[in-house]
Amino acid sequence: MSISATDAHTADVLAIAAHRDDVEQTCGGTLLRSAARGLRTAILDLTQGEAGTRGTAEDRAREADVAARLLGVSWRQALDLPDGAIANTLENRIKIVGVLRAVRPRVVILPYWQARHPDHAIVASLGYEACFLSGLAKAPAVRPAAPSARNMTGLDEMSLPPHRPFKIVYASLYADVRPSFIVDITPFIEQRHAALMAYRSQYANQAAGGGLFVAEEEIRERTFAEARHYGLLAGVLYGEPFVQKEVGLVDDLTLLPVQSL
């Protein structure tokens, strides 16, 4: 799923992640809920997944397309940042700027800034700085390497008008941190799981990575237990956690949804 030059301004919510399958694990239910509410959703994976212990970049591309359809996203694309060595450079920020200016999301979801995998941690700052840069009319016109924003959109990314997302939130499922809020994904938990399991090259039982990966029969139990934990914090069955850096704004105290006692 890729953007065309005639299909810009396409997403209300854009999830940016390091690897194909990161979004499915951390905010797939939220994308499903957003799509069910009539919002247009999109995913930008920053690497091809070439350094993974299991499968190939080509395997993961095919699986990501299946997962995207299960998640109901408007489009999905992967850039060419090096898997396992993502860096917060101006060139990489410009690559993301091209997508932000074409897609023009109101909300961007990024991974939480503390993570075991260095790629996940760096994407939090890389994505944030790209969102800022995207709003500058005189942003440096660095030409990224293929597959570039020009290839994705058919347009020179710097010819697109500036755009800065209104809101950035951080998917914090694997972080030991108190969430700012929880999204109720109860109606979508099965479809969320199906989207994750579309990555057969990663999660099906196999010899490669046998000591590193969770057994296939345990994945459902673990992911549902995590979602159940966060759901309980918010008084629902299953939830996904997020952190925002800004304070919240409340108009009516009587409409706050989570019961105190």
# chains A, B, ... in the order shown; residues from 1 in each chain; ligands from 1
call {"tool": "residues_around", "arguments": {"residues": "Arg104 of chain A", "least_positions_apart": "5", "cutoff": "12 Å", "atoms": "only C-alpha atoms", "output": "list in words"}}
result
Ile3, Asp7, Ala8, His9, Thr10, Ala11, Asp12, Val13, Leu14, Arg40, Thr41, Ala42, Ile96, Val97, Gly98, Val99, Cys131, Ser134, Gly135, Leu160, Pro161, Pro162, His163, Arg164, Pro165, Phe166 and Lys167 of chain A
call {"tool": "write_last_selection", "arguments": {"atoms": "C-alpha atoms", "output": "tab-separated table (two decimals), in the first residue's frame"}}
result
chain	number	residue	atom	x	y	z
A	3	ILE	CA	0.73	6.87	-1.55
A	7	ASP	CA	-3.94	10.61	-2.94
A	8	ALA	CA	-2.28	13.08	-0.58
A	9	HIS	CA	-3.93	14.41	2.59
A	10	THR	CA	-5.04	10.87	3.33
A	11	ALA	CA	-4.64	10.13	7.03
A	12	ASP	CA	-6.06	11.39	10.30
A	13	VAL	CA	-3.75	9.11	12.31
A	14	LEU	CA	-0.25	8.05	11.23
A	40	ARG	CA	-8.34	7.30	7.99
A	41	THR	CA	-5.25	5.59	9.35
A	42	ALA	CA	-1.78	4.94	7.96
A	96	ILE	CA	9.90	11.30	7.14
A	97	VAL	CA	9.05	14.92	6.35
A	98	GLY	CA	8.12	13.87	2.82
A	99	VAL	CA	5.57	11.43	4.21
A	131	CYS	CA	7.26	16.41	12.87
A	134	SER	CA	7.83	19.25	8.56
A	135	GLY	CA	6.20	22.46	9.75
A	160	LEU	CA	4.53	20.10	-0.70
A	161	PRO	CA	3.24	22.71	1.75
A	162	PRO	CA	4.53	22.51	5.33
A	163	HIS	CA	2.54	20.45	7.78
A	164	ARG	CA	2.97	19.89	11.50
A	165	PRO	CA	0.78	17.30	13.26
A	166	PHE	CA	-1.42	18.69	16.02
A	167	LYS	CA	-0.74	15.82	18.43
call {"tool": "residues_around", "arguments": {"residues": "Leu237 of chain A", "least_positions_apart": "5", "cutoff": "12 Å", "atoms": "only C-alpha atoms", "output": "JSON, numbers by chain"}}
result
{"A": [182, 183, 184, 185, 186, 187, 188, 189, 224, 225, 226, 227, 228, 229, 230, 231, 232]}
call {"tool": "closest_residue", "arguments": {"among": "A:Leu255, A:Ile16, A:Leu212, A:Val177", "to": "Asp45 of chain A", "atoms": "only C-alpha atoms"}}
result
A:Ile16
call {"tool": "select_by_dssp", "arguments": {"residues": "segment 55-95 of chain A", "states": "helix (DSSP H, G or I)", "output": "count of residues only"}}
result
21
call {"tool": "closest_residue", "arguments": {"among": "A:Glu50, A:Glu190, A:Glu216, A:Asp176", "to": "Phe242 of chain A", "atoms": "only C-alpha atoms"}}
result
A:Asp176
call {"tool": "atom_distance", "arguments": {"atom1": "atom CA of Arg37 of chain A", "atom2": "atom CA of Tyr112 of chain A"}}
result
24.9 Å
call {"tool": "atom_distance", "arguments": {"atom1": "atom CA of Glu240 of chain A", "atom2": "atom CA of Ile86 of chain A"}}
result
25.5 Å
call {"tool": "select_by_dssp", "arguments": {"residues": "segment 32-68 of chain A", "states": "strand (DSSP E)", "output": "MDAnalysis selection string"}}
result
chainID A and resid 41:47
call {"tool": "write_last_selection", "arguments": {"atoms": "N, CA and C atoms", "output": "PDB file, in the first residue's frame"}}
result
ATOM      1  N   THR A  41      -6.467   5.933   8.624  1.00  0.00           N
ATOM      2  CA  THR A  41      -5.251   5.589   9.348  1.00  0.00           C
ATOM      3  C   THR A  41      -4.163   5.152   8.374  1.00  0.00           C
ATOM      4  N   ALA A  42      -2.917   5.289   8.804  1.00  0.00           N
ATOM      5  CA  ALA A  42      -1.775   4.943   7.962  1.00  0.00           C
ATOM      6  C   ALA A  42      -0.625   4.475   8.839  1.00  0.00           C
ATOM      7  N   ILE A  43       0.298   3.732   8.227  1.00  0.00           N
ATOM      8  CA  ILE A  43       1.473   3.223   8.930  1.00  0.00           C
ATOM      9  C   ILE A  43       2.708   3.514   8.096  1.00  0.00           C
ATOM     10  N   LEU A  44       3.728   4.050   8.735  1.00  0.00           N
ATOM     11  CA  LEU A  44       5.031   4.214   8.112  1.00  0.00           C
ATOM     12  C   LEU A  44       6.045   3.399   8.895  1.00  0.00           C
ATOM     13  N   ASP A  45       6.546   2.320   8.293  1.00  0.00           N
ATOM     14  CA  ASP A  45       7.638   1.530   8.860  1.00  0.00           C
ATOM     15  C   ASP A  45       8.933   2.103   8.306  1.00  0.00           C
ATOM     16  N   LEU A  46       9.916   2.282   9.146  1.00  0.00           N
ATOM     17  CA  LEU A  46      11.126   2.981   8.715  1.00  0.00           C
ATOM     18  C   LEU A  46      12.189   2.075   8.122  1.00  0.00           C
ATOM     19  N   THR A  47      12.123   0.774   8.394  1.00  0.00           N
ATOM     20  CA  THR A  47      13.113  -0.160   7.840  1.00  0.00           C
ATOM     21  C   THR A  47      12.416  -1.237   7.031  1.00  0.00           C
TER      22      THR A  47
END
call {"tool": "closest_residue", "arguments": {"among": "A:Ala35, A:Glu63, A:Val123, A:Gln25", "to": "Arg220 of chain A", "atoms": "only C-alpha atoms"}}
result
A:Gln25
call {"tool": "residues_around", "arguments": {"residues": "Leu233 of chain A", "least_positions_apart": "6", "cutoff": "10 Å", "atoms": "only C-alpha atoms", "output": "PyMOL selection string"}}
result
chain A and resi 178-179+181-182+239+241+258
call {"tool": "atom_distance", "arguments": {"atom1": "atom CA of Glu221 of chain A", "atom2": "atom CA of Ala17 of chain A"}}
result
23.8 Å
